[in-house]
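This report refers to the structure that appears directly beneath it.
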Amino acid sequence: MSSAASPACDCGPLGRFVSSSLGKKAIMAVTGFVMFGFVVGHMVGNLQVFAGDGGVKLNAYAAFLKNTPALLWGTRIVVGLSLVLHVWAAATLKRLSNEARPVQYKMRKDIQASVPSRNMFWGGISLLFYVIYHLLHLTVGVASPIAGTFSHDNVYGNMVASFQNPALVGVYVFAMIALGMHLYHGLYSLFQTLGLNHPGYMPRIRTGAKVFGALIALGFSSMPVAILLGAVK
Amino acid sequence: MRITLNVWRQKNAQDKGGFEKYDAPNVSEDMSFLEMLDVVNEGLISAGKDPIAFDHDCREGICGMCGFMISGVAHGPESGTTVCQLHMRKFKDGDELWLEPWRAKAFPVLRDLTVDRSAFDRIIASGGFVSVHTGSAIDGNAIAVPKPAADLAMDAAACIGCGACVAACPNASASLFTSAKISHLALLPQGQPERDRRAINMVERMNAEGFGHCTNIGECEAVCPKEIKIENIARMNRDYICASFKDRPAVARLAD
Ligand code: HEM
Ligand code: SF4
Ligand code: FES
């Protein structure tokens with residue numbers, strides 16, 4: 001077959017794949033799914049805050065993770081690498097998209113696009129800032145409001161002390177709504193991106209993405225809100 | 001009925017361009033949108049002014065030449081319809097409309113509402129064909145085509161290359177067009193020998209032309225006059241990803 005297309009680069013099949021927009025989207029889809037898997041596990045683990053035992057279970061769980069470095073560091077490396085790749089692909093594609101329309105419309109109406117789907121990039125950037133703060137706050141323990149009193153052995157205590165602050169609870173709830181919206185579109189989008197589209201499955205995938213997005217937002221938000229209201233202390 | 005038009009006027013590719021206001025006082029609801037513009041243009045010509053340039057050819061919704069934004073929607077408010085098949089009865093007396101050309105780096109404005117869509121031709125040239133031996137024609141039924149595959153291929157082949165999908169996409173992506181052109185061949189037995197190369201070449205050409213990426217929001221499907229489904233985009237993604245693994249450069253060069 002004669003090809004009018006010259007290769008995008010002389011960099012082998014992987015280089016060509018990564019330099020194409022479809023390849024970058026596939027990377028976003030896979031890394032996004034990995035992060036989703038982490039987020040589910042992270043949420044289920046943390047929901048032990050509701051055990052009603054003053055934090056015994058949650059702190060034991062945290063100690064278990066700490067004493068299993070292969071699991072802890074394996075997860076940190078895989079999820080961290082996924083985040084880096086995901087954000088790198090998002091930023092590169094965003095630039096491509098900005099360049100693809102140098103002159104804006106005076107008027108452009110969306111006919112059916114959902115709010116989450118139109119805000120994946122800026123929602124994602126909010127998540128990035130949130131993730132940085134969250135790590136400094138509850139993993140490293142150097143961010144306010146508990147910078148001085150943070151304890152690596154008392155995860156429960158760190159949470160309870162922090163979420164007495166309504167502004168901080170607001171930040172966390174806002175971030176979790178952003179995450180829920182990101183997943184509302186992202187969990188559907190990743191199937192489409194990887195070519196896993198079937199008219200029989202697509203409506204269910206769309207519904208599933210909405211349900212999981214909502215469950216993640218509600219499940220995570222419930223913790224700081226319950227602490228603020230004094231239901232967990 | 002009376003319609004007020006704000007039309008993008010731009011003398012040539014270099015001109016900066018801007019909106020001009022026109023009054024269309026005697027519009028019949030039986031006119032097509034382009035016939036309404038014809039009447040406005042006759043007025044402009046008799047006043048010694050430049051008529052509004054817009055593309056059109058068949059005026060039957062089958063050639064893909066016509067198309068521009070009407071108040072922010074590609075091909076206007078009626079779904080599944082080209083602007084030549086859109087009728088003025090879809091509007092109300094006193095409406096004020098904004099007409100803009102498709103906007104994308106890969107579709108430079110030539111004049112007023114006309115844009116250069118040869119980027120689409122180059123995408124087709126990069127792989128949107130099947131290679132056949134010329135000579136005596138083969139038996140029409142020698143290759144069996146399953147009916148469902150033929151139907152899906154026909155649905156994809158309905159794409160007329162108008163460019164509305166690019167225009168409506170927030171990323172100016174050509175994914176719906178390219179995927180329709182990849183799909184209608186990928187679904188047929190005749191398209192199989194070149195299927196992997198086709199997916200790679202057409203996707204790379206689409207990227208090289210400066211179109212944006214796909215964020216799966218579906219605005220393209222919503223404005224497409226031929227109702228091409230984004231299922232085709234998933235098929236393109238699938239073919240491209242698989243081809244990236246199956247393709248062997250040496251084999252490809254042999255086939256070139
Ligand atoms: C932290 C910074 C983040 C940024 C900047 C970001 C940005 C983006 C962007 C721009 C998209 C593309 C949307 C599209 O093209 O349709 C996307 C997709 C996605 N994101 Fe994120 N995101 C972030 C974090 C996350 C997290 C924490 C998760 C999971 C828990 C996640 C899961 C996904 C998924 C599943 C997709 C769908 C991939 C696809 O479209 O095929 N993202 N993200
Ligand atoms: S896919 Fe639809 S909107 Fe896009 S060029 Fe083809 S016919 Fe036009
Ligand atoms: S003029 Fe041919 S499709 Fe509109």
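By order of appearance in the structure tokens: chains A, B, ..., then residues from 1 within every chain, and ligands from 1 in the order shown.
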
At a cut-off of 12 Å, using only C-alpha atoms, what residues contact Asn41 of chain B? Leave out same-chain residues fewer than 6 positions from it and give the result as a PyMOL selection string. chain B and resi 7+22-24+34-35+47-54

Restricting the output to C-alpha atoms, write the selected residues as a PDB file, in the first residue's frame.
ATOM      1  CA  VAL B   7     -22.203  37.249   9.247  1.00  0.00           C
ATOM      2  CA  TYR B  22     -27.562  42.249   7.555  1.00  0.00           C
ATOM      3  CA  ASP B  23     -31.307  42.541   7.505  1.00  0.00           C
ATOM      4  CA  ALA B  24     -33.393  39.902   5.711  1.00  0.00           C
ATOM      5  CA  LEU B  34     -29.020  28.832   1.536  1.00  0.00           C
ATOM      6  CA  GLU B  35     -31.903  30.233  -0.560  1.00  0.00           C
ATOM      7  CA  ALA B  47     -26.215  47.522  -3.978  1.00  0.00           C
ATOM      8  CA  GLY B  48     -22.732  47.067  -5.480  1.00  0.00           C
ATOM      9  CA  LYS B  49     -21.373  45.157  -2.514  1.00  0.00           C
ATOM     10  CA  ASP B  50     -19.546  41.832  -2.240  1.00  0.00           C
ATOM     11  CA  PRO B  51     -21.901  38.892  -1.787  1.00  0.00           C
ATOM     12  CA  ILE B  52     -21.384  36.567   1.202  1.00  0.00           C
ATOM     13  CA  ALA B  53     -19.231  33.632   0.137  1.00  0.00           C
ATOM     14  CA  PHE B  54     -20.406  30.188   1.254  1.00  0.00           C
TER      15      PHE B  54
END

Report as a PyMOL selection string which protein, DNA and RNA residues come within 6 Å of ligand 1, using only C-alpha atoms and all ligand atoms. (chain A and resi 25+28-29+32-33+35-36+39+87+90+120-121+124-125+127-128+183+186-187+189-190+193) or (chain B and resi 215-216)

Return as a compact mmCIF listing (two decimals) with C-alpha atoms, in the first residue's frame the residues belonging to chain A that are within 9 Å of chain B, counting only C-alpha atoms.
# COMPACT_ATOMS: atom_id res chain seq x y z
CA MET A 1 0.00 0.00 0.00
CA SER A 2 1.48 3.31 -0.93
CA SER A 3 1.41 5.61 2.01
CA ALA A 4 1.02 9.33 1.59
CA ALA A 5 1.63 9.61 5.32
CA SER A 6 5.22 9.92 6.32
CA PRO A 7 5.91 8.34 9.71
CA ALA A 8 5.31 10.72 12.58
CA GLY A 12 10.21 2.88 16.54
CA PRO A 13 6.70 1.59 17.19
CA LEU A 14 6.56 2.69 20.82
CA ARG A 16 5.15 6.48 17.23
CA PHE A 17 2.43 5.22 19.53
CA SER A 20 0.17 10.06 18.53
CA SER A 21 -2.89 11.59 20.17
CA LEU A 22 -4.56 8.17 20.37
CA GLY A 23 -1.54 6.63 22.07
CA LYS A 25 -5.19 8.94 25.30
CA ALA A 26 -4.64 5.20 25.77
CA LEU A 93 -3.01 16.89 24.70
CA LYS A 94 -4.42 20.11 26.13
CA ARG A 95 -1.76 22.03 24.28
CA LEU A 96 -2.58 20.16 21.08
CA SER A 97 -6.24 21.00 21.50
CA ASN A 98 -5.52 24.68 22.18
CA GLU A 99 -3.39 24.89 19.06
CA ALA A 100 -5.99 23.12 16.97
CA ARG A 101 -8.37 26.09 17.23
CA PRO A 102 -6.35 29.32 17.18
CA VAL A 103 -9.38 31.53 16.44
CA GLN A 104 -12.26 31.02 18.87
CA TYR A 105 -15.93 31.11 17.97
CA LYS A 106 -17.93 34.11 18.99
CA MET A 107 -20.68 31.64 19.78
CA ARG A 108 -20.45 27.89 20.29
CA LYS A 109 -23.20 25.90 21.97
CA ASP A 110 -22.84 22.44 23.40
CA ILE A 111 -25.79 20.30 22.44
CA GLN A 112 -25.39 17.36 24.79
CA ALA A 113 -21.97 17.41 26.46
CA SER A 114 -22.16 16.89 30.23
CA SER A 117 -16.96 15.96 30.34
CA ARG A 118 -16.32 19.60 29.46
CA MET A 120 -11.89 17.23 32.62
CA HIS A 185 -16.88 11.07 32.56
CA TYR A 188 -16.96 5.95 30.62
CA SER A 189 -14.35 7.66 28.48
CA LEU A 190 -11.66 5.09 29.15
CA PHE A 191 -13.71 2.32 27.55
CA GLN A 192 -14.28 4.42 24.46
CA THR A 193 -10.58 5.38 24.34
CA LEU A 194 -9.44 1.78 24.49
CA GLY A 195 -11.96 0.80 21.84
CA LEU A 196 -14.13 -1.24 24.20
CA ASN A 197 -17.40 0.04 22.80
CA HIS A 198 -20.42 -2.12 22.21
CA PRO A 199 -23.95 -0.80 21.84

Separation of atom CA of Lys226 of chain B and atom 2 (Fe, counted along the ligand's line) of ligand 2, in Å?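 So the two atoms, atom CA of Lys226 of chain B and atom 2 (Fe, counted along the ligand's line) of ligand 2, lie 5.3 Å apart.
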
Dump the neighbourhood of ligand 2 as a PyMOL selection string: all residues within 8 Å, distances computed on only C-alpha atoms and all ligand atoms. chain B and resi 64+158-166+174+176-178+180+220-221+223-228

File dump, residues just selected, all heavy atoms, as a compact mmCIF listing (two decimals), in the first residue's frame:
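Once everything was written out, this is out.txt:
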# COMPACT_ATOMS: atom_id res chain seq x y z
N GLY B 64 -21.70 17.28 0.82
CA GLY B 64 -20.80 17.66 1.90
C GLY B 64 -20.13 19.01 1.71
O GLY B 64 -19.25 19.37 2.49
N ALA B 158 -21.68 6.70 5.06
CA ALA B 158 -22.59 7.82 4.79
C ALA B 158 -21.91 9.17 5.03
O ALA B 158 -22.42 10.20 4.61
CB ALA B 158 -23.84 7.70 5.67
N CYS B 159 -20.76 9.19 5.70
CA CYS B 159 -20.06 10.45 5.97
C CYS B 159 -19.78 11.18 4.66
O CYS B 159 -19.23 10.62 3.72
CB CYS B 159 -18.75 10.18 6.71
SG CYS B 159 -17.62 11.59 6.72
N ILE B 160 -20.19 12.45 4.62
CA ILE B 160 -20.01 13.25 3.41
C ILE B 160 -18.82 14.20 3.52
O ILE B 160 -18.61 15.06 2.65
CB ILE B 160 -21.29 14.04 3.06
CG1 ILE B 160 -21.77 14.86 4.27
CG2 ILE B 160 -22.39 13.10 2.57
CD1 ILE B 160 -23.00 15.72 4.01
N GLY B 161 -18.07 14.10 4.59
CA GLY B 161 -16.86 14.92 4.71
C GLY B 161 -17.11 16.41 4.83
O GLY B 161 -16.31 17.23 4.39
N CYS B 162 -18.21 16.77 5.50
CA CYS B 162 -18.56 18.20 5.57
C CYS B 162 -17.69 18.96 6.56
O CYS B 162 -17.50 20.17 6.42
CB CYS B 162 -20.03 18.35 5.94
SG CYS B 162 -20.42 17.72 7.58
N GLY B 163 -17.21 18.29 7.60
CA GLY B 163 -16.36 18.96 8.58
C GLY B 163 -17.08 19.49 9.80
O GLY B 163 -16.46 20.11 10.67
N ALA B 164 -18.39 19.23 9.90
CA ALA B 164 -19.14 19.74 11.06
C ALA B 164 -18.64 19.15 12.36
O ALA B 164 -18.67 19.81 13.40
CB ALA B 164 -20.63 19.43 10.88
N CYS B 165 -18.17 17.89 12.30
CA CYS B 165 -17.68 17.24 13.51
C CYS B 165 -16.47 17.99 14.08
O CYS B 165 -16.36 18.19 15.28
CB CYS B 165 -17.33 15.78 13.23
SG CYS B 165 -16.40 15.51 11.70
N VAL B 166 -15.58 18.41 13.19
CA VAL B 166 -14.42 19.20 13.62
C VAL B 166 -14.89 20.53 14.20
O VAL B 166 -14.42 20.97 15.25
CB VAL B 166 -13.48 19.45 12.42
CG1 VAL B 166 -12.35 20.39 12.82
CG2 VAL B 166 -12.93 18.15 11.86
N ALA B 174 -10.67 15.69 14.48
CA ALA B 174 -11.26 15.10 13.27
C ALA B 174 -11.53 13.61 13.48
O ALA B 174 -11.59 12.84 12.53
CB ALA B 174 -10.33 15.31 12.08
N LEU B 176 -14.20 11.87 14.37
CA LEU B 176 -15.41 11.24 13.84
C LEU B 176 -15.25 10.98 12.33
O LEU B 176 -15.54 9.89 11.85
CB LEU B 176 -16.65 12.10 14.11
CG LEU B 176 -17.97 11.37 13.87
CD1 LEU B 176 -18.14 10.17 14.81
CD2 LEU B 176 -19.17 12.30 14.00
N PHE B 177 -14.76 11.98 11.62
CA PHE B 177 -14.52 11.83 10.18
C PHE B 177 -13.54 10.69 9.91
O PHE B 177 -13.84 9.75 9.17
CB PHE B 177 -14.00 13.15 9.60
CG PHE B 177 -13.43 13.01 8.22
CD1 PHE B 177 -14.26 12.98 7.11
CD2 PHE B 177 -12.06 12.89 8.03
CE1 PHE B 177 -13.73 12.84 5.83
CE2 PHE B 177 -11.52 12.76 6.75
CZ PHE B 177 -12.36 12.72 5.65
N THR B 178 -12.36 10.78 10.53
CA THR B 178 -11.32 9.79 10.26
C THR B 178 -11.80 8.39 10.62
O THR B 178 -11.55 7.42 9.90
CB THR B 178 -10.04 10.14 11.03
OG1 THR B 178 -9.71 11.51 10.76
CG2 THR B 178 -8.87 9.27 10.61
N ALA B 180 -14.86 7.29 10.67
CA ALA B 180 -15.86 6.82 9.71
C ALA B 180 -15.15 6.26 8.48
O ALA B 180 -15.52 5.21 7.95
CB ALA B 180 -16.81 7.95 9.32
N CYS B 220 -19.65 15.89 18.29
CA CYS B 220 -19.56 15.60 16.85
C CYS B 220 -20.76 14.79 16.40
O CYS B 220 -21.43 15.12 15.41
CB CYS B 220 -18.28 14.84 16.55
SG CYS B 220 -18.04 13.39 17.61
N GLU B 221 -21.04 13.73 17.15
CA GLU B 221 -22.17 12.85 16.83
C GLU B 221 -23.48 13.64 16.83
O GLU B 221 -24.37 13.42 16.01
CB GLU B 221 -22.21 11.73 17.87
CG GLU B 221 -23.26 10.69 17.71
CD GLU B 221 -23.21 9.68 18.87
OE1 GLU B 221 -23.66 10.00 19.99
OE2 GLU B 221 -22.69 8.58 18.64
N VAL B 223 -24.02 16.79 16.05
CA VAL B 223 -24.24 17.71 14.93
C VAL B 223 -24.11 17.03 13.57
O VAL B 223 -24.46 17.63 12.56
CB VAL B 223 -23.27 18.92 14.94
CG1 VAL B 223 -23.45 19.74 16.21
CG2 VAL B 223 -21.83 18.49 14.75
N CYS B 224 -23.59 15.82 13.53
CA CYS B 224 -23.29 15.19 12.23
C CYS B 224 -24.57 15.06 11.40
O CYS B 224 -25.53 14.43 11.84
CB CYS B 224 -22.67 13.82 12.43
SG CYS B 224 -22.47 12.92 10.87
N PRO B 225 -24.60 15.62 10.20
CA PRO B 225 -25.81 15.53 9.38
C PRO B 225 -26.11 14.10 8.94
O PRO B 225 -27.23 13.79 8.56
CB PRO B 225 -25.51 16.43 8.18
CG PRO B 225 -24.03 16.52 8.12
CD PRO B 225 -23.54 16.41 9.54
N LYS B 226 -25.11 13.24 8.97
CA LYS B 226 -25.31 11.85 8.57
C LYS B 226 -25.40 10.93 9.78
O LYS B 226 -25.39 9.70 9.64
CB LYS B 226 -24.18 11.41 7.63
CG LYS B 226 -24.17 12.20 6.33
CD LYS B 226 -25.44 11.94 5.52
CE LYS B 226 -25.83 13.17 4.72
NZ LYS B 226 -27.15 13.02 4.06
N GLU B 227 -25.45 11.51 10.97
CA GLU B 227 -25.62 10.75 12.20
C GLU B 227 -24.61 9.61 12.35
O GLU B 227 -24.95 8.50 12.75
CB GLU B 227 -27.07 10.28 12.33
CG GLU B 227 -28.00 11.49 12.34
CD GLU B 227 -29.48 11.15 12.44
OE1 GLU B 227 -29.91 10.13 11.87
OE2 GLU B 227 -30.20 11.93 13.07
N ILE B 228 -23.36 9.91 12.01
CA ILE B 228 -22.27 8.96 12.22
C ILE B 228 -22.07 8.79 13.73
O ILE B 228 -22.08 9.75 14.48
CB ILE B 228 -20.96 9.49 11.58
CG1 ILE B 228 -21.15 9.79 10.09
CG2 ILE B 228 -19.80 8.52 11.81
CD1 ILE B 228 -21.35 8.61 9.20

For segment 63-65 of chain A, list every protein, DNA or RNA residue within 12 Å, evaluated using only C-alpha atoms, and leave out those in the same chain fewer than 5 positions away; present the list as a ChimeraX atom specification. /A:42,45,55-58,70-76,152-156

With only C-alpha atoms and all ligand atoms counted, collect every polymer residue having an atom within 9 Å of ligand 3; state the result as a PDB file with C-alpha atoms, in the first residue's frame.
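Dumped to selection-v6.pdb:
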ATOM      1  CA  LEU B  34     -29.020  28.832   1.536  1.00  0.00           C
ATOM      2  CA  ASP B  55     -19.767  26.689  -0.069  1.00  0.00           C
ATOM      3  CA  HIS B  56     -22.531  24.628  -1.636  1.00  0.00           C
ATOM      4  CA  ASP B  57     -23.029  22.231  -4.506  1.00  0.00           C
ATOM      5  CA  CYS B  58     -25.795  19.617  -4.508  1.00  0.00           C
ATOM      6  CA  ARG B  59     -28.193  21.381  -2.118  1.00  0.00           C
ATOM      7  CA  GLU B  60     -29.626  17.916  -1.477  1.00  0.00           C
ATOM      8  CA  GLY B  61     -27.645  17.047   1.628  1.00  0.00           C
ATOM      9  CA  ILE B  62     -25.398  14.539  -0.089  1.00  0.00           C
ATOM     10  CA  CYS B  63     -22.234  16.235  -1.315  1.00  0.00           C
ATOM     11  CA  GLY B  64     -20.799  17.662   1.895  1.00  0.00           C
ATOM     12  CA  MET B  65     -19.856  21.062   0.474  1.00  0.00           C
ATOM     13  CA  CYS B  66     -22.117  23.277   2.551  1.00  0.00           C
ATOM     14  CA  GLY B  67     -21.789  24.035   6.218  1.00  0.00           C
ATOM     15  CA  THR B  81     -29.485  17.954   8.561  1.00  0.00           C
ATOM     16  CA  THR B  82     -27.019  19.862   6.396  1.00  0.00           C
ATOM     17  CA  VAL B  83     -27.478  23.600   6.160  1.00  0.00           C
ATOM     18  CA  CYS B  84     -28.704  23.265   2.544  1.00  0.00           C
ATOM     19  CA  GLN B  85     -31.544  21.051   3.790  1.00  0.00           C
ATOM     20  CA  ILE B 160     -20.009  13.249   3.407  1.00  0.00           C
ATOM     21  CA  CYS B 162     -18.563  18.196   5.568  1.00  0.00           C
ATOM     22  CA  PRO B 225     -25.813  15.532   9.381  1.00  0.00           C
TER      23      PRO B 225
END

Which value, in Å to one decimal, gives the distance between atom CA of Asn59 of chain A and atom CA of Ala147 of chain A?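 Atom-to-atom, atom CA of Asn59 of chain A and atom CA of Ala147 of chain A are spaced 19.0 Å apart.
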
Enumerate the residues of segment 26-105 of chain B with a DSSP assignment of strand (DSSP E), computed from the backbone, and present them as a PyMOL selection string. chain B and resi 69-70+73-74+96-100

Write out the residues from the selection above, keeping N, CA, C and O atoms, as a CSV table (one decimal), in the first residue's frame.
chain,number,residue,atom,x,y,z
B,69,MET,N,-21.4,27.6,11.0
B,69,MET,CA,-22.1,27.6,12.3
B,69,MET,C,-23.3,28.6,12.2
B,69,MET,O,-23.1,29.7,11.7
B,70,ILE,N,-24.4,28.2,12.7
B,70,ILE,CA,-25.5,29.1,12.9
B,70,ILE,C,-25.8,29.2,14.4
B,70,ILE,O,-26.1,28.3,15.1
B,73,VAL,N,-24.1,26.5,16.5
B,73,VAL,CA,-24.3,25.1,16.2
B,73,VAL,C,-24.0,24.8,14.7
B,73,VAL,O,-24.5,25.5,13.8
B,74,ALA,N,-23.2,23.7,14.5
B,74,ALA,CA,-22.8,23.4,13.2
B,74,ALA,C,-24.0,22.9,12.4
B,74,ALA,O,-24.7,22.1,12.8
B,96,GLU,N,-32.4,36.7,15.6
B,96,GLU,CA,-31.1,37.2,15.2
B,96,GLU,C,-30.1,36.1,15.3
B,96,GLU,O,-29.9,35.4,16.3
B,97,LEU,N,-29.4,35.9,14.1
B,97,LEU,CA,-28.5,34.7,14.0
B,97,LEU,C,-27.1,35.1,13.8
B,97,LEU,O,-26.8,36.2,13.2
B,98,TRP,N,-26.2,34.3,14.2
B,98,TRP,CA,-24.7,34.5,14.0
B,98,TRP,C,-24.2,33.4,13.1
B,98,TRP,O,-24.2,32.3,13.5
B,99,LEU,N,-23.6,33.8,12.0
B,99,LEU,CA,-23.1,32.9,11.0
B,99,LEU,C,-21.6,33.0,11.0
B,99,LEU,O,-21.0,34.0,10.8
B,100,GLU,N,-20.9,31.8,11.3
B,100,GLU,CA,-19.5,31.8,11.4
B,100,GLU,C,-18.9,30.6,10.7
B,100,GLU,O,-19.6,29.6,10.6

Per DSSP on the backbone, what are the helix (DSSP H, G or I) residues of segment 30-237 of chain B, as a ChimeraX atom specification? /B:33-46,83-85,88-90,118-125,147-157,164-168,175-186,189-191,195-208,219-223,231-237

Point-to-point distance from atom CA of Ile132 of chain A to atom CA of Ser222 of chain A, Å rounded to tenths: 21.1 Å

Of the residues A:Gly213, A:Ala62, A:Asn165, A:Gly170, which is the one nearest to Ser151 of chain A, using only C-alpha atoms?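 Using only C-alpha atoms, Ser151 of chain A sits closest to A:Ala62.
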
Do a neighbour search on segment 140-150 of chain B at 10 Å with only C-alpha atoms, toss out local chain neighbours closer than 4 positions, and write the hits as a PDB file with C-alpha atoms, in the first residue's frame.
ATOM      1  CA  MET B 154     -22.833   1.605   4.932  1.00  0.00           C
ATOM      2  CA  ASP B 155     -23.689   3.667   8.016  1.00  0.00           C
ATOM      3  CA  ALA B 156     -20.038   4.718   8.329  1.00  0.00           C
ATOM      4  CA  HIS B 184     -16.306   1.627   6.469  1.00  0.00           C
ATOM      5  CA  ALA B 186     -12.341  -2.047   8.266  1.00  0.00           C
ATOM      6  CA  LEU B 187     -15.808  -3.605   8.456  1.00  0.00           C
ATOM      7  CA  LEU B 188     -15.610  -5.222   5.022  1.00  0.00           C
ATOM      8  CA  PRO B 189     -13.573  -8.254   3.917  1.00  0.00           C
ATOM      9  CA  GLN B 190     -12.022  -6.181   1.134  1.00  0.00           C
TER      10      GLN B 190
END
